[in-house]
Structure formats: structure tokens, C-alpha cells
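Pasted below: run_0.cif, mmCIF, C-alpha atoms and all ligand atoms.
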data_my_file
loop_
_atom_site.group_PDB
_atom_site.id
_atom_site.type_symbol
_atom_site.label_atom_id
_atom_site.label_comp_id
_atom_site.auth_asym_id
_atom_site.auth_seq_id
_atom_site.Cartn_x
_atom_site.Cartn_y
_atom_site.Cartn_z
ATOM 1 C CA MET A 30 137.705 -21.433 269.211
ATOM 2 C CA GLN A 31 136.832 -24.546 267.221
ATOM 3 C CA ALA A 32 133.239 -24.992 266.025
ATOM 4 C CA CYS A 33 131.580 -26.736 268.951
ATOM 5 C CA SER A 34 128.326 -28.603 269.377
ATOM 6 C CA LEU A 35 126.416 -30.434 272.067
ATOM 7 C CA SER A 36 123.506 -32.803 271.624
ATOM 8 C CA ALA A 37 121.554 -35.297 273.664
ATOM 9 C CA THR A 38 119.084 -37.846 272.377
ATOM 10 C CA ASN A 39 116.343 -39.664 274.246
ATOM 11 C CA LEU A 40 118.033 -39.110 277.601
ATOM 12 C CA ALA A 41 116.715 -40.707 280.752
ATOM 13 C CA CYS A 42 118.081 -40.316 284.249
ATOM 14 C CA ARG A 43 117.602 -42.571 287.250
ATOM 15 C CA ARG A 44 118.732 -41.689 290.765
ATOM 16 C CA GLY A 45 118.348 -44.496 293.264
ATOM 17 C CA ASP A 46 115.020 -46.203 292.566
ATOM 18 C CA ARG A 47 113.464 -43.235 290.770
ATOM 19 C CA VAL A 48 113.536 -42.313 287.104
ATOM 20 C CA LEU A 49 113.618 -38.503 287.139
ATOM 21 C CA PHE A 50 113.153 -37.781 283.452
ATOM 22 C CA ARG A 51 113.060 -39.593 280.139
ATOM 23 C CA GLY A 52 112.874 -38.829 276.426
ATOM 24 C CA LEU A 53 114.907 -35.638 276.751
ATOM 25 C CA GLY A 54 116.625 -34.263 273.685
ATOM 26 C CA LEU A 55 118.626 -31.126 273.023
ATOM 27 C CA GLU A 56 120.810 -29.800 270.270
ATOM 28 C CA LEU A 57 123.119 -26.810 270.484
ATOM 29 C CA LYS A 58 125.597 -25.439 268.023
ATOM 30 C CA ALA A 59 128.230 -22.702 268.215
ATOM 31 C CA SER A 60 127.027 -19.412 269.768
ATOM 32 C CA GLU A 61 123.854 -20.930 271.228
ATOM 33 C CA ALA A 62 122.637 -20.853 274.818
ATOM 34 C CA LEU A 63 120.102 -22.965 276.676
ATOM 35 C CA HIS A 64 118.369 -22.302 279.987
ATOM 36 C CA ILE A 65 117.241 -25.481 281.753
ATOM 37 C CA THR A 66 114.459 -24.714 284.201
ATOM 38 C CA GLY A 67 112.730 -26.722 286.883
ATOM 39 C CA ASN A 68 111.833 -26.848 290.540
ATOM 40 C CA ASN A 69 114.027 -28.173 293.322
ATOM 41 C CA GLY A 70 114.750 -31.866 292.997
ATOM 42 C CA ILE A 71 113.497 -32.266 289.427
ATOM 43 C CA GLY A 72 116.929 -33.301 288.153
ATOM 44 C CA LYS A 73 118.750 -30.205 286.845
ATOM 45 C CA THR A 74 122.049 -31.034 288.549
ATOM 46 C CA SER A 75 121.722 -34.658 287.474
ATOM 47 C CA LEU A 76 121.229 -33.572 283.848
ATOM 48 C CA MET A 77 124.219 -31.228 283.996
ATOM 49 C CA ARG A 78 126.394 -34.013 285.382
ATOM 50 C CA ILE A 79 125.234 -36.340 282.601
ATOM 51 C CA LEU A 80 126.087 -33.685 279.989
ATOM 52 C CA ALA A 81 129.485 -33.219 281.650
ATOM 53 C CA GLY A 82 130.159 -36.958 281.513
ATOM 54 C CA LEU A 83 130.261 -37.254 285.313
ATOM 55 C CA LEU A 84 127.070 -39.272 285.718
ATOM 56 C CA ARG A 85 125.928 -42.141 283.560
ATOM 57 C CA GLN A 86 122.555 -41.722 281.882
ATOM 58 C CA PHE A 87 119.943 -44.434 282.365
ATOM 59 C CA ASP A 88 119.131 -44.321 278.675
ATOM 60 C CA GLY A 89 119.973 -42.288 275.578
ATOM 61 C CA SER A 90 123.172 -40.655 274.443
ATOM 62 C CA VAL A 91 125.175 -37.437 274.659
ATOM 63 C CA GLU A 92 127.572 -36.196 272.014
ATOM 64 C CA HIS A 93 129.758 -33.140 271.901
ATOM 65 C CA SER A 94 132.592 -31.627 269.980
ATOM 66 C CA GLY A 95 134.741 -29.078 271.746
ATOM 67 C CA THR A 96 135.942 -28.886 275.327
ATOM 68 C CA LEU A 97 133.618 -28.904 278.345
ATOM 69 C CA GLY A 98 133.797 -26.798 281.483
ATOM 70 C CA LEU A 99 131.443 -27.257 284.437
ATOM 71 C CA VAL A 100 130.654 -24.723 287.157
ATOM 72 C CA ASP A 101 128.654 -26.164 290.036
ATOM 73 C CA GLU A 102 128.510 -25.839 293.810
ATOM 74 C CA LYS A 103 131.907 -27.521 294.212
ATOM 75 C CA PRO A 104 134.650 -25.447 292.574
ATOM 76 C CA ALA A 105 137.403 -27.972 293.497
ATOM 77 C CA LEU A 106 139.736 -25.260 294.721
ATOM 78 C CA ASP A 107 141.939 -26.357 297.620
ATOM 79 C CA PRO A 108 140.501 -24.768 300.796
ATOM 80 C CA GLN A 109 143.929 -24.784 302.470
ATOM 81 C CA LEU A 110 145.605 -22.699 299.768
ATOM 82 C CA ARG A 111 145.500 -18.976 299.176
ATOM 83 C CA LEU A 112 143.161 -18.192 296.291
ATOM 84 C CA GLU A 113 146.072 -17.374 293.997
ATOM 85 C CA SER A 114 147.824 -20.692 294.677
ATOM 86 C CA ALA A 115 144.587 -22.657 294.404
ATOM 87 C CA LEU A 116 143.904 -21.087 291.013
ATOM 88 C CA HIS A 117 147.498 -21.576 289.861
ATOM 89 C CA PHE A 118 147.302 -25.313 290.608
ATOM 90 C CA TRP A 119 144.608 -25.740 287.938
ATOM 91 C CA GLY A 120 145.863 -22.881 285.794
ATOM 92 C CA GLY A 121 149.185 -24.685 285.436
ATOM 93 C CA LEU A 122 147.442 -27.831 284.222
ATOM 94 C CA ASP A 123 145.259 -25.814 281.846
ATOM 95 C CA GLY A 124 148.209 -23.847 280.497
ATOM 96 C CA CYS A 125 146.534 -20.588 281.486
ATOM 97 C CA THR A 126 148.758 -17.507 281.438
ATOM 98 C CA ASN A 127 146.250 -14.790 282.335
ATOM 99 C CA ILE A 128 144.983 -15.867 285.746
ATOM 100 C CA GLN A 129 145.438 -12.375 287.241
ATOM 101 C CA GLN A 130 143.482 -10.832 284.408
ATOM 102 C CA ASN A 131 140.630 -13.319 284.830
ATOM 103 C CA CYS A 132 140.581 -12.597 288.573
ATOM 104 C CA ALA A 133 140.191 -8.906 287.777
ATOM 105 C CA VAL A 134 137.316 -9.667 285.400
ATOM 106 C CA MET A 135 135.432 -11.295 288.284
ATOM 107 C CA GLY A 136 136.481 -8.642 290.812
ATOM 108 C CA MET A 137 138.652 -11.123 292.733
ATOM 109 C CA ASP A 138 142.074 -9.551 292.196
ATOM 110 C CA THR A 139 142.169 -7.996 295.680
ATOM 111 C CA LEU A 140 141.533 -11.360 297.359
ATOM 112 C CA LEU A 141 144.419 -13.393 295.951
ATOM 113 C CA ASP A 142 146.124 -13.699 299.345
ATOM 114 C CA VAL A 143 143.015 -14.934 301.152
ATOM 115 C CA PRO A 144 142.823 -18.677 301.897
ATOM 116 C CA PHE A 145 140.077 -20.146 299.738
ATOM 117 C CA ARG A 146 138.256 -21.493 302.804
ATOM 118 C CA TYR A 147 137.706 -17.935 304.075
ATOM 119 C CA LEU A 148 135.885 -16.739 300.965
ATOM 120 C CA SER A 149 132.175 -15.947 301.183
ATOM 121 C CA THR A 150 129.564 -17.847 299.182
ATOM 122 C CA GLY A 151 129.469 -15.219 296.444
ATOM 123 C CA GLN A 152 133.263 -14.924 296.382
ATOM 124 C CA CYS A 153 133.533 -18.720 295.958
ATOM 125 C CA LYS A 154 131.150 -18.519 293.014
ATOM 126 C CA ARG A 155 133.207 -15.718 291.477
ATOM 127 C CA ALA A 156 136.349 -17.834 291.970
ATOM 128 C CA ALA A 157 134.622 -20.728 290.201
ATOM 129 C CA PHE A 158 134.076 -18.446 287.206
ATOM 130 C CA VAL A 159 137.728 -17.404 287.277
ATOM 131 C CA ARG A 160 138.569 -21.096 287.038
ATOM 132 C CA LEU A 161 136.184 -21.494 284.123
ATOM 133 C CA LEU A 162 137.791 -18.553 282.314
ATOM 134 C CA ASN A 163 141.226 -20.014 283.027
ATOM 135 C CA GLN A 164 140.160 -23.295 281.429
ATOM 136 C CA GLY A 165 139.176 -21.603 278.177
ATOM 137 C CA THR A 166 136.656 -24.307 277.313
ATOM 138 C CA ASP A 167 134.207 -24.161 274.407
ATOM 139 C CA ILE A 168 131.074 -25.489 276.120
ATOM 140 C CA TRP A 169 130.048 -24.007 279.446
ATOM 141 C CA LEU A 170 127.820 -26.115 281.690
ATOM 142 C CA LEU A 171 126.623 -23.862 284.503
ATOM 143 C CA ASP A 172 124.642 -25.364 287.371
ATOM 144 C CA GLU A 173 122.858 -22.589 289.295
ATOM 145 C CA PRO A 174 125.440 -20.038 288.111
ATOM 146 C CA LEU A 175 123.848 -17.082 289.906
ATOM 147 C CA ASN A 176 123.469 -18.692 293.352
ATOM 148 C CA GLY A 177 125.100 -16.518 295.985
ATOM 149 C CA LEU A 178 125.988 -13.678 293.628
ATOM 150 C CA ASP A 179 125.056 -10.045 294.256
ATOM 151 C CA ALA A 180 123.743 -7.762 291.487
ATOM 152 C CA ASP A 181 127.264 -6.922 290.343
ATOM 153 C CA GLY A 182 128.229 -10.598 290.211
ATOM 154 C CA ILE A 183 125.083 -11.479 288.275
ATOM 155 C CA ALA A 184 125.769 -8.721 285.738
ATOM 156 C CA LYS A 185 129.360 -9.910 285.350
ATOM 157 C CA VAL A 186 128.341 -13.535 284.779
ATOM 158 C CA GLU A 187 125.589 -12.607 282.312
ATOM 159 C CA ALA A 188 128.062 -10.418 280.407
ATOM 160 C CA LEU A 189 130.620 -13.243 280.343
ATOM 161 C CA ILE A 190 128.048 -15.671 278.962
ATOM 162 C CA ALA A 191 127.076 -13.193 276.238
ATOM 163 C CA LEU A 192 130.744 -12.709 275.355
ATOM 164 C CA HIS A 193 131.379 -16.468 275.350
ATOM 165 C CA CYS A 194 128.440 -17.220 273.050
ATOM 166 C CA GLY A 195 129.234 -14.185 270.899
ATOM 167 C CA GLY A 196 132.675 -15.682 270.361
ATOM 168 C CA GLY A 197 131.292 -19.031 269.192
ATOM 169 C CA GLY A 198 130.959 -20.809 272.544
ATOM 170 C CA ILE A 199 127.989 -22.758 273.861
ATOM 171 C CA CYS A 200 126.378 -22.178 277.257
ATOM 172 C CA VAL A 201 123.932 -24.421 279.097
ATOM 173 C CA ALA A 202 122.701 -22.916 282.362
ATOM 174 C CA ALA A 203 120.464 -24.825 284.758
ATOM 175 C CA SER A 204 118.587 -22.701 287.243
ATOM 176 C CA HIS A 205 115.245 -22.126 288.866
ATOM 177 C CA GLN A 206 116.164 -18.421 288.788
ATOM 178 C CA SER A 207 115.712 -16.264 285.719
ATOM 179 C CA ILE A 208 118.936 -15.598 283.842
ATOM 180 C CA ASN A 209 119.438 -12.998 281.185
ATOM 181 C CA LEU A 210 120.786 -15.166 278.373
ATOM 182 C CA GLN A 211 120.551 -13.431 275.011
ATOM 183 C CA ASN A 212 118.632 -15.448 272.399
ATOM 184 C CA ALA A 213 118.602 -18.485 274.665
ATOM 185 C CA LYS A 214 116.377 -21.478 274.139
ATOM 186 C CA THR A 215 114.551 -22.814 277.204
ATOM 187 C CA LEU A 216 114.130 -26.435 278.227
ATOM 188 C CA ALA A 217 111.577 -27.062 280.989
ATOM 189 C CA LEU A 218 112.607 -30.275 282.726
ATOM 190 C CA LYS A 219 109.040 -30.861 283.946
ATOM 191 C CA ASP A 220 108.101 -31.611 280.324
ATOM 192 C CA TYR A 221 110.263 -34.737 280.554
ATOM 193 C CA ALA A 222 109.358 -35.812 284.098
ATOM 194 C CA ALA A 223 108.953 -39.577 284.256
HETATM 195 N N1 LIG B 301 123.071 -40.348 294.566
HETATM 196 C C1 LIG B 301 121.737 -40.257 294.606
HETATM 197 N N2 LIG B 301 120.989 -41.316 294.924
HETATM 198 C C2 LIG B 301 119.651 -41.224 294.955
HETATM 199 N N3 LIG B 301 118.968 -40.089 294.702
HETATM 200 C C3 LIG B 301 119.680 -39.014 294.385
HETATM 201 C C4 LIG B 301 121.099 -39.026 294.318
HETATM 202 N N4 LIG B 301 121.524 -37.800 293.971
HETATM 203 C C5 LIG B 301 120.406 -37.059 293.822
HETATM 204 N N5 LIG B 301 119.318 -37.779 294.052
HETATM 205 C C6 LIG B 301 117.926 -37.321 293.966
HETATM 206 O O1 LIG B 301 117.660 -36.944 292.617
HETATM 207 C C7 LIG B 301 116.720 -35.889 292.594
HETATM 208 C C8 LIG B 301 117.237 -34.807 291.666
HETATM 209 O O2 LIG B 301 118.366 -34.172 292.255
HETATM 210 P P1 LIG B 301 119.081 -32.983 291.508
HETATM 211 O O3 LIG B 301 120.155 -32.490 292.418
HETATM 212 O O4 LIG B 301 119.475 -33.410 290.149
HETATM 213 O O5 LIG B 301 117.902 -31.907 291.399
HETATM 214 P P2 LIG B 301 117.906 -30.355 291.058
HETATM 215 O O6 LIG B 301 116.812 -30.111 290.071
HETATM 216 O O7 LIG B 301 119.270 -29.916 290.674
HETATM 217 O O8 LIG B 301 117.503 -29.722 292.460
HETATM 218 P P3 LIG B 301 117.836 -28.278 293.129
HETATM 219 O O9 LIG B 301 117.080 -27.233 292.345
HETATM 220 O O10 LIG B 301 117.290 -28.431 294.513
HETATM 221 O O11 LIG B 301 119.321 -28.079 293.097
HETATM 222 C C9 LIG B 301 116.509 -35.446 294.031
HETATM 223 O O12 LIG B 301 115.294 -35.972 294.498
HETATM 224 C C10 LIG B 301 117.664 -36.070 294.776
HETATM 225 O O13 LIG B 301 117.337 -36.403 296.082
#
Could you write out this structure as C-alpha cells?
Ligand SMILES: Nc1ncnc2c1ncn2[C@@H]1O[C@H](COP(=O)(O)OP(=O)(O)OP(=O)(O)O)[C@@H](O)[C@H]1O
Amino acid sequence: MQACSLSATNLACRRGDRVLFRGLGLELKASEALHITGNNGIGKTSLMRILAGLLRQFDGSVEHSGTLGLVDEKPALDPQLRLESALHFWGGLDGCTNIQQNCAVMGMDTLLDVPFRYLSTGQCKRAAFVRLLNQGTDIWLLDEPLNGLDADGIAKVEALIALHCGGGGICVAASHQSINLQNAKTLALKDYAA
């Protein structure tokens, strides 16, 4: 993995007529993790989408080196396809050769024949993490990564994050839930509320 970094300077976000936050800065280097906290509607998803380059900030700048992978509520897996085929569509583009192995890591290897649309909420979240593993990106942006997961799923995701950061990756997780992120910094979005 290349040495990665992620920083944001003086960020502001506006949705519709409302400025949600302003003056937000963060700086992460290889092996670091950040937990972004805040109540419903404060702007966590908006911030994650800005960091991912999917939403334009109102002010400020974001810089990164290394590849980005986002896990959110929309895993972009084709609901009409069997899980295996849906994963292979993206896996082919990502050049991933160990899709089966990543499915096993998330406990999804017995569900490969099931159409994606039939998966439960927690199974969809696990599939989203399989996709993230398949991508092999340096910087993980995780929006509510534990939503829908049972205790086993939570333990698996927390272990994956620890492994990712231990190997030089960066993880930013936005959640109102507590997450066991080793040595993580915390950013309370309310401190930047406009
Ligand atoms: N396209 C949009 N136009 C106008 N307002 C929007 C738009 N998208 C989101 N918002 C508003 O921006 C605010 C922040 O939404 P966001 O999803 O970022 O919050 P959040 O902290 O992730 O919330 P939650 O914890 O409930 O997931 C909300 O009040 C939401 O209604």
C-alpha cells in the first residue's frame, strides 16, 4: 500500500438554503483512524460525500493521496443479479481476484447464489464490505458502518478496520453509534455547526 493521506481545510457544507457546518479541518496520515460523531441531520453523510468527492463543498478544500473507497447505505450492487455476479461486475473492474475469499471474511460465502435484492439489511451491509475489500483502496470512508449489523458483523468490521489501519490504511467512520476504532481521533461535528 502506498503512503496515503487525507486532509480537509476550512470546510463548509451547504444543503439547500442551510449551511450545516463551517471551518472544519482534519488531517490523517497512514495508519490513522477518525470517528466523526454527531446527531441525526447534523451533516455526517454530507461530510463523507464531500471527502469522497461526490458532493461539492460550499467552502474550503479536500486533498488526498491514495485511493478512496466509500461504504454507505447504497452499495451499488445490482439487485437483479445473484450476489456473486453482482460482486463480480465490480470485481472485474477493480481487478480483484479473491472475491470468494473476501466473501468468506464477511461470512457471505454461503449466500453467493442469492439475488442481491433478497438479502437482509445486515447481509447487504456485509456485502458492501466485501465490495470494499475487493476494491483494495487505501482510504476507507465509512458512513454508519455498523448500521444493521449483528454482534458478529460489528466484530468483523471492527477487526477489518484495525487490520486496514495496521497495514498503513486510513479509516474515517461517521456514526452516532460508538465504534471500537483503535487509537482513533474523534471529530464532533457539532463543534463546527454553523
Ligand atoms: N439534497 C439536499 N437538499 C437539501 N437538504 C439536504 C439535502 N440532502 C440532505 N439535506 C439535509 O442536510 C442535513 C444533513 O443531512 P445528512 O444526511 O448529511 O445528515 P447526517 O448527520 O448523516 O444524518 P443521519 O445521522 O440522520 O444519517 C439534513 O437536514 C438533510 O435534510
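Using only C-alpha atoms and all ligand atoms for every distance, the candidate list A:Leu171, A:Cys33, A:Ala180, A:Leu148 yields A:Leu171 as the residue closest to ligand LIG 301 (chain B).
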Run the PyMOL selection byres (((chain A and resi 68) around 10) and not hetatm) mentally over the shown coordinates, then write out the matched residues as a VMD selection string, using the chain letters and numbers from the document. chain A and resid 66 to 67 69 to 73 204 to 206 217 to 219
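Here CA of Leu141 in chain A is placed at a distance of 14.9 Å from CA of Asn163 in chain A.
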Report as a PyMOL selection string the full result of the PyMOL selection byres (((chain A and resi 106) around 7) and not hetatm) when it is applied to this structure. chain A and resi 104-105+107-108+115-116
How would the residues just chosen look if you wrote them out with C-alpha atoms as an mmCIF file, in the frame of the given file?
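Once everything was written out, this is out-v8.cif:
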data_model
loop_
_atom_site.group_PDB
_atom_site.id
_atom_site.type_symbol
_atom_site.label_atom_id
_atom_site.label_comp_id
_atom_site.auth_asym_id
_atom_site.auth_seq_id
_atom_site.Cartn_x
_atom_site.Cartn_y
_atom_site.Cartn_z
ATOM 1 C CA PRO A 104 134.650 -25.447 292.574
ATOM 2 C CA ALA A 105 137.403 -27.972 293.497
ATOM 3 C CA ASP A 107 141.939 -26.357 297.620
ATOM 4 C CA PRO A 108 140.501 -24.768 300.796
ATOM 5 C CA ALA A 115 144.587 -22.657 294.404
ATOM 6 C CA LEU A 116 143.904 -21.087 291.013
#
Using all atoms listed in the file, find the one residue out of A:Asp179, A:Asp172, A:Glu187, A:Asp138 that sits nearest to Ile65 in chain A. A:Asp172
I'd like to see the residues matched by the PyMOL selection byres (((chain A and resi 32) around 9) and not hetatm) on this file, and ideally I'd get them as a VMD selection string. chain A and resid 30 to 31 33 to 34 58 to 59 94 to 95 167 197 to 198
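Compared by their closest atoms to ligand LIG 301 (chain B), and using all atoms listed in the file, the residues A:Glu56, A:Asp123, A:Glu102, A:Asp142 rank with A:Glu102 nearest.
Of the listed residues (A:His117, A:His64, A:Lys103, A:Arg43), A:Arg43 comes nearest to Gly89 in chain A; the distances count all atoms listed in the file.
When only C-alpha atoms are used to compute distances to Phe158 in chain A, the closest of the residues A:Asn131, A:Asn209, A:Thr126, A:Ser36 turns out to be A:Asn131.
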Find, counting all atoms listed in the file, the residue in A:Met77, A:Leu162, A:Leu170, A:Ala222 that gets nearest to Gly120 in chain A. A:Leu162
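Note that CA of Asp46 in chain A and CA of Asn176 in chain A are 28.8 Å apart.
The shell of residues at most 12 Å from Arg44 in chain A, with only C-alpha atoms counted and near chain neighbours (fewer than 5 positions) removed, consists of Leu49, Phe50, Gly70, Ile71, Gly72, Thr74, Ser75, Leu76, Ile79, Leu84, Arg85, Gln86, Phe87 and Ala223 of chain A.
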Residues from the last selection, C-alpha atoms, saved as a PDB file, in the frame of the given file:
ATOM      1  CA  LEU A  49     113.618 -38.503 287.139  1.00  0.00           C
ATOM      2  CA  PHE A  50     113.153 -37.781 283.452  1.00  0.00           C
ATOM      3  CA  GLY A  70     114.750 -31.866 292.997  1.00  0.00           C
ATOM      4  CA  ILE A  71     113.497 -32.266 289.427  1.00  0.00           C
ATOM      5  CA  GLY A  72     116.929 -33.301 288.153  1.00  0.00           C
ATOM      6  CA  THR A  74     122.049 -31.034 288.549  1.00  0.00           C
ATOM      7  CA  SER A  75     121.722 -34.658 287.474  1.00  0.00           C
ATOM      8  CA  LEU A  76     121.229 -33.572 283.848  1.00  0.00           C
ATOM      9  CA  ILE A  79     125.234 -36.340 282.601  1.00  0.00           C
ATOM     10  CA  LEU A  84     127.070 -39.272 285.718  1.00  0.00           C
ATOM     11  CA  ARG A  85     125.928 -42.141 283.560  1.00  0.00           C
ATOM     12  CA  GLN A  86     122.555 -41.722 281.882  1.00  0.00           C
ATOM     13  CA  PHE A  87     119.943 -44.434 282.365  1.00  0.00           C
ATOM     14  CA  ALA A 223     108.953 -39.577 284.256  1.00  0.00           C
TER      15      ALA A 223
END
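Going from CA of Gly182 in chain A over to atom O12 of ligand LIG 301 (chain B), you cover 28.8 Å.
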Can you report as AutoDock Vina command-line options the centre and edge lengths in Å, to one decimal, of an axis-aligned box around the listed atoms of ligand LIG 301 (chain B) padded with 8 Å on each side?
--center_x 119.2 --center_y -34.3 --center_z 293.1 --size_x 23.8 --size_y 30.1 --size_z 22.0
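The environment of Ala188 in chain A within 12 Å, counting all atoms listed in the file and disregarding residues fewer than 3 places along the same chain, consists of Val134, Met135, Asp181, Gly182, Ile183, Ala184, Lys185, Ala191, Leu192, His193, Cys194, Gly195, Ile208, Asn209, Leu210 and Gln211 of chain A.
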